[in-house]
Amino acid sequence: MKLKHIVLLLIGISFSTGCKRYALGESDYVSAVISVASRSGNGISRNAMQDSLLNNFPVFYDWWLQDGGKTDLFNMPLREALNVRIKKVASDLGQDVPETASLDERELFDEYHDLCFKRRRRRLKNLPDKIVFTKFKVVRPSIFSATEALSDTRGDHDFHGGGEMVVLTTGRVMGSEQLLLRSDSGMLRDPDIDYKGRKLLFAWKKSSTDDYHLYEMNLYTQAIKQLTEGAGYADYEGRYLPDGNILFTSTRAATSMGSIPSEVSNFFLCDAEGNYIRRIGFDQSQTISPSVMDDGRVIYTRTDHNDRGNIFAHPLFVMNSDGTSQGAFYGMNSRFPTATVHARQIPGTGRVMAVLTGYRTPQHGKLAVIDPEAGRDGGDGLTLIAPPRKADPEDKEGADTFGQYGEQFQHPFPLDEDTFLVSFSPLGYDSGEPKFAIYWMNMRGERELLASDPEMSCNQPVVIDSREKPRLRASEVDYREQTGRYLLQDIYKGSSLAGIERGKVKKLRIVELVFRNAGIGEEVSSGPGGSSQVTTPVGTGNTSWDIKRVRGVVDVMPDGSAYFEVPARTPLYFQALDSTGNMIATMRSWSTLQPGEQQSCVGCHESKNVTASDAPVRPVALVRGVDTITPQRHLMPEKGFSYIEVIQPILDRNCVRCHNGNGDKPNLLGTLTTKENSSKRRFSESYLALTGSKLRNSRGGTLVGDDDSESVNWISSMSDPGVVEPYSAGAANSRLIRRLRDGHGKLSKEEIATMAAWIDLGVPFVGSYTEANDWNAADIKTWDYYSYKRNVADDEDRRNIEAYIKSLK
Amino acid sequence: MSHKNFLLLIISVATLVSCRPIGVPSSMASIGEGDEKTILSGDRESGKIWQIGRNGWKKGSSFICKSIIDIQTDGESRVWALGIDKENKCRLYEIEYPQMRILKSLEMGQGADKITYDPASSRLWVSCSDINSVWEVSIPLWSVVGKIDAPRNIVGSVVYDSLVYMAGSLPEASATNAVVSAEIDVIDKRRSTLKKRIALPNGSVFCGDIVSNGKYAYVTHTINHHNLPTVRPERGWMAVTALSIVDMDSMRLEATVLLDTPEKGAGGARGMCVSPNGKELAVALFGTGEVMTINLDGLHARLDSVLNDEERVLRTEDDRPIHEDLSFLYGLRKKYGPLGKGTGEVLYLDDKTILAANLYSGDIMEIVPDSKIKRFKRIGRALTSTPEGAGEALFSNATLSFQNWVSCATCHGSDGGHDAMSHIISTDSTVSKQMTSIPSIAFREVYDSTSIKRGSLAAMALDRKTASVKKSKHKKNNRTVTVSGEEVCREAVRRLLFTEPDNDECRALSIYLSSVSPKTSPYLKNGKLSQRAERGKQIFEDSGCAACHNGQKGSLEGLWQSAPYMKDGRVATLGELIERGHGLKDKVLNDKEKRDLEEYLLTL
């Protein structure tokens with residue numbers, strides 16, 4: 001006999017006294033608890049029992065859970081457990097503990113529940129009238145951010161049909177639910193309410209073969225309008241912006257992650273009707289969970305691992321709602337928190353509330369309040385809440401699966417400085433997969449369950465009400481422009497060039513990141529930043545994540561200033577070079593400008609909590625005038641940096657006469673060979689020799705480079721996410737470069753500089769993802785399919801921008 | 001009640017409300033102790049002094065003169081006020097308390113706007129901002145016994161033993177100097193000699209107030225990052241709001257800390273008050289209509305922990321100076337509000353309770369920590385109920401800008417007269433040739449560049465009037481384009497405050513700008529040229545100056561207060577300008593002629 005049947009039986013034989021309580025099944029609940037306590041539910045696990053009680057009598061059993069130990073029901077005499085609870089609630093209410101000696105168990109329950117109702121009424125006094133939320137089974141992808149379940153997915157497709165969009169009318173004590181929309185084989189998610197409180201924006205995937213698109217419901221008429229469309233594109237997490245546009249994240253980026261072969265979702269804008277969809281995020285991996293702050297900026301989560309490990313690099317970012325001023329907000333250079341998602345500003349404060357989770361976990365975990373004024377990394381300025389506490393020192397080491405033990409939180413919605421709505425699971429993984437309900441909660445963790453469903457999790461609570469529109473920031477974006485400009489006040493300010501003497505930096509190398517269309521073949525990289533597979537690898541393990549295209553260099557003035565124009569809508573990163581052309585420090589992230597944007601910063605890795613410097617003179621670069629990128633012919637500025645095309649010819653000219661595989665000398669021949677079947681890439685002997693790549697016995701043997709070698713070393717793709725000291729790796733530390741400069745091999749200056757640049761780029765092998773591939777017909781078919789898709793997406797983006805420009809005239 | 005009657009009631013109530021006179025609580029002081037404590041508030045608009053009980057109930061109001069600028073008491077029985085009389089002269093009044101009758105009065109220098117009471121010497125030190133002077137008034141003798149040179153645009157003074165600390169508001173040096181900042185002068189009050197000149201950090205302008213706790217002097221001011229182009233306001237890229245702390249014993253600038261936070265600006269500070277127990281400092285944030293309190297014990301403890309005593313290098317852990325750290329005050333500050341528009345003055349009723357006077361909303365608010373902010377007293381109808389007043393309030397309203405970083409007044413000053421533009425725009429406009437979307441281009445296109453460089457709003461308003469009524473002309477592609485004042489204001493808000501203004505805001509700002517008229521030069525004697533100035537005028541005309549400065553362009557209106565001079569502000573004084581022979585071509589002037597010419601120019 002199943003537990004469900006027992007509960008039904010209990011319901012059948014019980015009767016209730018109070019009308020309201022009857023509706024809630026109080027009497028049944030009491031009977032059920034008494035029966036459990038008297039061991040009449042023998043043979044059923046405790047977890048299943050708890051789960052069943054919470055499913056069937058959510059409010060009552062949640063009171064039981066929050067007012068005493070989780071195991072009281074099984075370990076403590078019922079009378080005692082009830083007395084503990086009565087005492088607790090009386091204390092919460094600030095009243096005397098009632099005399100209970102003469103009461104029997106049912107009367108004790110009555111007394112306890114009377115107090116609980118009173119407390120609930122008090123707690124929910126200022127609760128908003130209407131809340132919209134979603135019901136679905138929690139998505140559990142292989143990494144936290146891959147929830148898009150694309151119909152023609154490259155990889156992740158965790159999708160469970162059956163979902164609802166529900167409005168909860170809160171009432172004074174108990175609310176009532178109204179079904180807005182049900183999708184039997186689809187999923188409804190990401191509700192957002194417009195500023196007037198009249199429209200509901202959401203994402204809807206109608207079946208496993210459909211894709212998420214944005215829909216809008218008029219909350220008065222309940223008429224639904226589809227805003228975006230297109231098979232093979234998942235558009236989700238739509239947000240109303242103060243300027244009337246809609247921001248959403250979408251797989252229209254049509255690229256694939258560097259780790260698992262799965263979709264990348266980046267940010268796009270469209271107008272209120274879904275027109276002029278245009279890309280504003282050009283990011284390596286996912287950008288998710290956007291929300292609009294009081295000042296109109298958007299806070300979101302960005303996976304950010306250029307030349308560093310991908311496990312811990314999922315910081316919070318902010319940008320203006322037109323895509324300008326994209327920059328880190330919290331956790332950019334630390335292992336903790338592993339991933340910070342579902343961030344929302346606490347209204348009227350500088351603080352945000354967010355969920356801390358792991359990397360290979362779903363998007364639920366622990367709840368935190370972040371005050372950026374008190375710190376930007378590693379738990380500084382971060383308080384875990386409900387109840388408030390500082391993160392454990394061992395937490396700060398970082399954990400791939402952070403925050404998965406005990407109570408689980410997701411989707412907080414702050415109401416004021418102390419209270420919030422949240423999707424919460426008190427039992428967490430105790431009962432298998434955590435099942436969530438909608439709660440009112442405060443910072444101390446005091447809570448009231450507002451809505452739950454025995455079949456599905458209740459998620460994403462959002463208040464339905466009008467709210468004040470942020471004052472609109474004037475936009476400087478001009479889509480007729482192709483470029484943007486950076487002004488750097490003083491490169492020597494900030495932690496990444498600490499200890500470097502003024503005047504040492506001569507140039508900035510500007511490198512574009514080129515992202516893959518699909519994941520074909522894989523390698524394994526590992527290091528201080530964790531361990532991960534790398535698909536469609538650019539080199540052997542631990543080398544560059546992505547293809548690097550060296551756009552060229554710009555000047556850095558003696559005062560540390562630089563002022564230069566770069567292509568807009570292009571992910572770029574910068575390397576500070578000394579007079580020899582060696583890298584002093586490199587940016588292990590990237591930056592993107594919108595057309596016409598003027599970005600200014602003080603230094604590299606400057607603290608986000610300092611203002612500009614009150615320097616006595618204008619930056620020299622500004623006086624000199626805007627610099628344009630000087631391309632360096634020898635580094636093939638027109639395409640990705642290819643070892644095969646750039647480095648091997650140098651070796652062929654100067655080295656292979658001696659280094660030809662005969663004798664002990666390293667073999668520097670360019671012959672491409674297949675060493676293993678995993679990477680689906682053919683490597684040259686010389687590349688393997690110079691990078692010290694050897695077969696390692698993971699996943700049937702993959703090639704891993706030796707990033708720490710004396711001869712050639714580089715900042716590993718799995719390096720720690722923290723700031724790296726200047727000159728800690730790269731050409732400046734390379735014995736090979738030193739020897740070449742000393743005259744070994746008689747290479748020209750330019751040839752040596754090219755070798756140095758290759759090392760400083762993180763020793764990439766290929767300059768395009770198809771180069772030197774070892775793909776079979778199926779692989780090629782896959783690649784071509786997604787490449788075609790990307791071309792179509794790019795074309796559409798271009799056409800939409802043309803139409804958008806026309807619409808402005 | 002029928003709808004009609006209800007409507008009538010509403011209309012009559014509205015009429016009554018609108019008939020109420022405008023009130024601008026420009027100053028506050030308290031007198032008496034405990035329950036007997038009375039708050040005196042001076043009204044800039046009606047010239048009345050209000051007496052308000054501890055509970056917020058009005059005890060009375062008395063007309064003193066045309067406009068009340070400042071009030072001071074000895075805390076027990078004596079009341080002094082600075083006001084403007086019907087002949088537009090600044091006057092110091094001694095007032096009988098509690099009858100509030102004028103006992104006697106004295107004429108003060110132009111721009112007299114702050115009284116400092118010094119019980120030890122029975123003196124009042126009156127700051128006269130237009131003439132850069134502090135007048136020493138002996139209370140027993142009731143006469144001016146000394147006039148001390150003060151830093152430019154003095155905002156106030158504090159007395160420490162035998163020293164008087166005077167805070168200036170604008171730099172006196174050339175704008176091309178490496179360090180351009182307002183200064184604090186320390187004088188020995190017995191000998192009237194300058195003991196020390198303390199420079200605030202580079203870019204410091206517009207001091208709001210100076211107060212002391214008996215050991216330190218605290219000065220609010222703005223730091224303009226005038227060497228950077230105006231490309232964004234975030235994180236104080238354009239300007240920050242600062243508090244400078246001076247150790248009065250050693251006459252050293254202890255440190256400058258920022259009132260802004262990394263994600264939100266403070267928007268400009270005005271009046272301050274130290275709590276009676278000396279533990280807290282309240283700062284009126286004029287631009288955002290808020291009050292910030294700072295824990296002084298905590299502040300000094302934190303400063304002690306980071307200041308390296310031997311080298312006096314002010315550095316944070318991040319290896320940046322303290323005055324660049326937006327989070328230095330983390331945990332030590334609290335913000336209250338918004339309280340209203342133009343929070344200009346603060347006053348502690350006791351160690352916990354703060355009164356904050358809102359100039360533009362005409363009321364005084366009461367702040368008690370952890371309880372709801374309530375209105376203490378309404379002085380009159382809000383100035384914002386008039387079109388000019390609404391514009392004036394917007395002009396210094398930093399909530400118009402992105403994240404409250406700046407307002408128009410951050411660079412122009414909030415009285416429309418003196419401003420710091422010569423120190424800011426000189427560099428910016430040079431930059432603008434390169435940075436395409438920076439604001440000065442918009443201005444250059446709209447206004448004659450001289451008036452921008454010269455900066456005073458009055459000059460700008462005047463320029464616009466001469467071009468056409470409420471319209472401005474500028475040449476674009478050799479065509480004369482007429483742009484309305486509202487459009488100019490729209491562009492200014494978009495490009496300088498980085499937000500989209502609505503039409504009402506643009507209209508109000510434009511109306512206010514048109515209403516600003518230049519201040520009369522204090523160098524005129526009873527509104528007329530002195531003999532020397534008359535001679536200087538002759539030289540001006542004979543030397544061909546009028547060929548360029550003819551009223552149509554190259555306006556010299558407000559010249560006396562708009563130093564430094566030339567496009568990039570490189571010339572600090574008019575005397576220096578004449579010495580350099582600006583515009584004089586071959587004409588050679590002797591020393592006397594030069595002084596005469598300078599005397600004349602100063603009357604403009």
# chains A, B, ... in the order shown; residues from 1 in each chain; ligands from 1
call {"tool": "residues_around", "arguments": {"residues": "segment 356-367 of chain B", "least_positions_apart": "3", "cutoff": "8 Å", "atoms": "only C-alpha atoms", "output": "ChimeraX atom specification"}}
result
/B:22-28,284,289,291,336,339-347,353,371-384,389,393
call {"tool": "interface_residues", "arguments": {"of": "chain A", "to": "chain B", "cutoff": "6 Å", "atoms": "only C-alpha atoms", "output": "PDB file with N, CA and C atoms, in the first residue's frame"}}
result
ATOM      1  N   GLU A 373      29.529  47.446  -1.775  1.00  0.00           N
ATOM      2  CA  GLU A 373      30.316  48.502  -1.138  1.00  0.00           C
ATOM      3  C   GLU A 373      31.323  47.894  -0.154  1.00  0.00           C
ATOM      4  N   LEU A 472      15.247  57.180 -17.057  1.00  0.00           N
ATOM      5  CA  LEU A 472      15.883  56.555 -18.225  1.00  0.00           C
ATOM      6  C   LEU A 472      17.277  57.116 -18.461  1.00  0.00           C
ATOM      7  N   ARG A 473      18.229  56.220 -18.585  1.00  0.00           N
ATOM      8  CA  ARG A 473      19.581  56.675 -18.918  1.00  0.00           C
ATOM      9  C   ARG A 473      19.620  57.050 -20.393  1.00  0.00           C
ATOM     10  N   ALA A 474      20.257  58.161 -20.701  1.00  0.00           N
ATOM     11  CA  ALA A 474      20.389  58.567 -22.095  1.00  0.00           C
ATOM     12  C   ALA A 474      21.313  57.567 -22.789  1.00  0.00           C
ATOM     13  N   ASN A 609      35.300  49.862  -6.464  1.00  0.00           N
ATOM     14  CA  ASN A 609      34.849  50.751  -5.399  1.00  0.00           C
ATOM     15  C   ASN A 609      35.680  52.023  -5.301  1.00  0.00           C
ATOM     16  N   VAL A 610      36.433  52.321  -6.331  1.00  0.00           N
ATOM     17  CA  VAL A 610      37.160  53.587  -6.314  1.00  0.00           C
ATOM     18  C   VAL A 610      36.693  54.461  -7.470  1.00  0.00           C
ATOM     19  N   THR A 611      36.900  55.751  -7.293  1.00  0.00           N
ATOM     20  CA  THR A 611      36.539  56.686  -8.350  1.00  0.00           C
ATOM     21  C   THR A 611      37.762  56.959  -9.215  1.00  0.00           C
ATOM     22  N   ALA A 612      37.602  57.863 -10.174  1.00  0.00           N
ATOM     23  CA  ALA A 612      38.726  58.221 -11.030  1.00  0.00           C
ATOM     24  C   ALA A 612      39.781  58.930 -10.187  1.00  0.00           C
ATOM     25  N   ASP A 614      42.357  61.965  -9.274  1.00  0.00           N
ATOM     26  CA  ASP A 614      42.364  63.424  -9.473  1.00  0.00           C
ATOM     27  C   ASP A 614      43.720  63.864  -9.998  1.00  0.00           C
ATOM     28  N   PRO A 616      46.794  65.540 -11.836  1.00  0.00           N
ATOM     29  CA  PRO A 616      46.971  66.960 -12.111  1.00  0.00           C
ATOM     30  C   PRO A 616      46.957  67.316 -13.596  1.00  0.00           C
ATOM     31  N   VAL A 617      47.074  66.324 -14.439  1.00  0.00           N
ATOM     32  CA  VAL A 617      47.060  66.631 -15.872  1.00  0.00           C
ATOM     33  C   VAL A 617      46.081  65.723 -16.601  1.00  0.00           C
ATOM     34  N   ARG A 618      45.712  66.161 -17.768  1.00  0.00           N
ATOM     35  CA  ARG A 618      44.859  65.342 -18.610  1.00  0.00           C
ATOM     36  C   ARG A 618      45.640  64.116 -19.072  1.00  0.00           C
TER      37      ARG A 618
END
call {"tool": "closest_residue", "arguments": {"among": "B:Lys89, B:Thr293, B:Pro21, B:Arg197", "to": "Asn526 of chain B", "atoms": "only C-alpha atoms"}}
result
B:Lys89
call {"tool": "residues_around", "arguments": {"residues": "Gln326 of chain A", "least_positions_apart": "2", "cutoff": "12 Å", "atoms": "only C-alpha atoms", "output": "PyMOL selection string"}}
result
chain A and resi 267+280-283+287+297-302+316-324+328-329+569+571+589-594+597-601
call {"tool": "write_last_selection", "arguments": {"atoms": "C-alpha atoms", "output": "tab-separated table (two decimals), in the first residue's frame"}}
result
chain	number	residue	atom	x	y	z
A	267	PHE	CA	21.56	38.80	-24.46
A	280	ILE	CA	23.98	42.97	-27.38
A	281	GLY	CA	25.93	40.18	-25.70
A	282	PHE	CA	28.91	38.64	-27.50
A	283	ASP	CA	29.98	36.29	-24.82
A	287	THR	CA	24.68	35.09	-19.73
A	297	ARG	CA	20.85	48.85	-15.04
A	298	VAL	CA	20.58	45.13	-15.58
A	299	ILE	CA	22.31	42.72	-13.22
A	300	TYR	CA	22.99	39.21	-14.51
A	301	THR	CA	25.19	36.14	-14.32
A	302	ARG	CA	27.98	35.72	-16.85
A	316	LEU	CA	27.54	38.77	-11.38
A	317	PHE	CA	27.76	41.42	-14.05
A	318	VAL	CA	25.92	44.66	-14.70
A	319	MET	CA	25.23	46.65	-17.84
A	320	ASN	CA	23.06	49.51	-18.94
A	321	SER	CA	19.83	48.39	-20.53
A	322	ASP	CA	21.14	49.24	-24.02
A	323	GLY	CA	24.07	46.85	-23.52
A	324	THR	CA	26.67	49.51	-22.75
A	328	ALA	CA	31.78	42.82	-13.30
A	329	PHE	CA	29.67	43.39	-10.19
A	569	ARG	CA	29.99	44.23	-31.00
A	571	PRO	CA	34.50	40.42	-27.64
A	589	SER	CA	38.02	38.01	-19.42
A	590	TRP	CA	36.80	40.15	-22.31
A	591	SER	CA	34.99	43.38	-22.94
A	592	THR	CA	32.48	44.35	-25.60
A	593	LEU	CA	31.40	47.80	-26.73
A	594	GLN	CA	28.12	48.71	-28.38
A	597	GLU	CA	29.90	53.52	-26.93
A	598	GLN	CA	32.65	55.33	-25.07
A	599	GLN	CA	33.96	53.25	-22.24
A	600	SER	CA	36.30	54.77	-19.71
A	601	CYS	CA	38.19	53.11	-16.92
call {"tool": "atom_distance", "arguments": {"atom1": "atom CA of Pro631 of chain A", "atom2": "atom CA of Lys506 of chain A"}}
result
15.6 Å
call {"tool": "select_by_dssp", "arguments": {"residues": "segment 84-266 of chain B", "states": "strand (DSSP E or B)", "output": "VMD selection string"}}
result
chain B and resid 84 90 to 96 101 to 107 112 to 118 123 to 128 133 to 138 143 to 149 156 to 160 163 to 167 183 to 188 193 to 199 204 to 212 216 to 224 239 to 247 252 to 258 261 264
call {"tool": "closest_residue", "arguments": {"among": "A:Ala343, A:Leu421, A:Leu622, A:Cys270", "to": "Ile131 of chain A", "atoms": "only C-alpha atoms"}}
result
A:Leu421
call {"tool": "atom_distance", "arguments": {"atom1": "atom CA of Ala313 of chain A", "atom2": "atom CA of Asn333 of chain A"}}
result
7.6 Å
call {"tool": "residues_around", "arguments": {"residues": "Ile131 of chain B", "least_positions_apart": "3", "cutoff": "10 Å", "atoms": "only C-alpha atoms", "output": "list in words"}}
result
Gly109, Gln110, Gly111, Ala112, Ser127, Cys128, Val134, Asp149, Ala150, Pro151, Arg152, Asn153, Ile154, Ser521, Pro522, Tyr523 and Gln561 of chain B
call {"tool": "write_last_selection", "arguments": {"atoms": "C-alpha atoms", "output": "mmCIF file, in the first residue's frame"}}
result
data_model
loop_
_atom_site.group_PDB
_atom_site.id
_atom_site.type_symbol
_atom_site.label_atom_id
_atom_site.label_comp_id
_atom_site.auth_asym_id
_atom_site.auth_seq_id
_atom_site.Cartn_x
_atom_site.Cartn_y
_atom_site.Cartn_z
ATOM 1 C CA GLY B 109 29.859 93.645 2.927
ATOM 2 C CA GLN B 110 28.240 92.277 -0.242
ATOM 3 C CA GLY B 111 27.434 88.610 -0.152
ATOM 4 C CA ALA B 112 27.413 88.402 3.647
ATOM 5 C CA SER B 127 31.660 85.835 5.889
ATOM 6 C CA CYS B 128 31.099 88.111 2.907
ATOM 7 C CA VAL B 134 35.451 88.127 6.784
ATOM 8 C CA ASP B 149 41.045 88.782 3.511
ATOM 9 C CA ALA B 150 39.333 85.463 3.005
ATOM 10 C CA PRO B 151 39.694 82.751 0.380
ATOM 11 C CA ARG B 152 37.627 83.147 -2.758
ATOM 12 C CA ASN B 153 33.882 82.880 -2.257
ATOM 13 C CA ILE B 154 34.156 82.144 1.410
ATOM 14 C CA SER B 521 29.447 94.045 -8.958
ATOM 15 C CA PRO B 522 30.591 94.896 -5.427
ATOM 16 C CA TYR B 523 33.173 97.152 -7.021
ATOM 17 C CA GLN B 561 33.220 87.087 -10.433
#
call {"tool": "residues_around", "arguments": {"residues": "Arg91 of chain B", "least_positions_apart": "4", "cutoff": "10 Å", "atoms": "only C-alpha atoms", "output": "number ranges by chain"}}
result
B: 65, 68-69, 81-85, 105-110, 112-113
call {"tool": "closest_residue", "arguments": {"among": "A:Gly519, A:Gly375, A:Gly238, A:Gly743", "to": "Arg154 of chain A", "atoms": "only C-alpha atoms"}}
result
A:Gly519
call {"tool": "atom_distance", "arguments": {"atom1": "atom CA of Gly208 of chain B", "atom2": "atom CA of Gly156 of chain B"}}
result
8.8 Å
call {"tool": "residues_around", "arguments": {"residues": "Ser259 of chain A", "least_positions_apart": "5", "cutoff": "6 Å", "atoms": "only C-alpha atoms", "output": "JSON, numbers by chain"}}
result
{"A": [533, 534, 535]}
call {"tool": "closest_residue", "arguments": {"among": "A:Phe268, A:Tyr240, A:Tyr29, A:Tyr687", "to": "Thr543 of chain A", "atoms": "only C-alpha atoms"}}
result
A:Tyr687
call {"tool": "residues_around", "arguments": {"residues": "segment 721-730 of chain A", "least_positions_apart": "6", "cutoff": "9 Å", "atoms": "only C-alpha atoms", "output": "count of residues only"}}
result
38
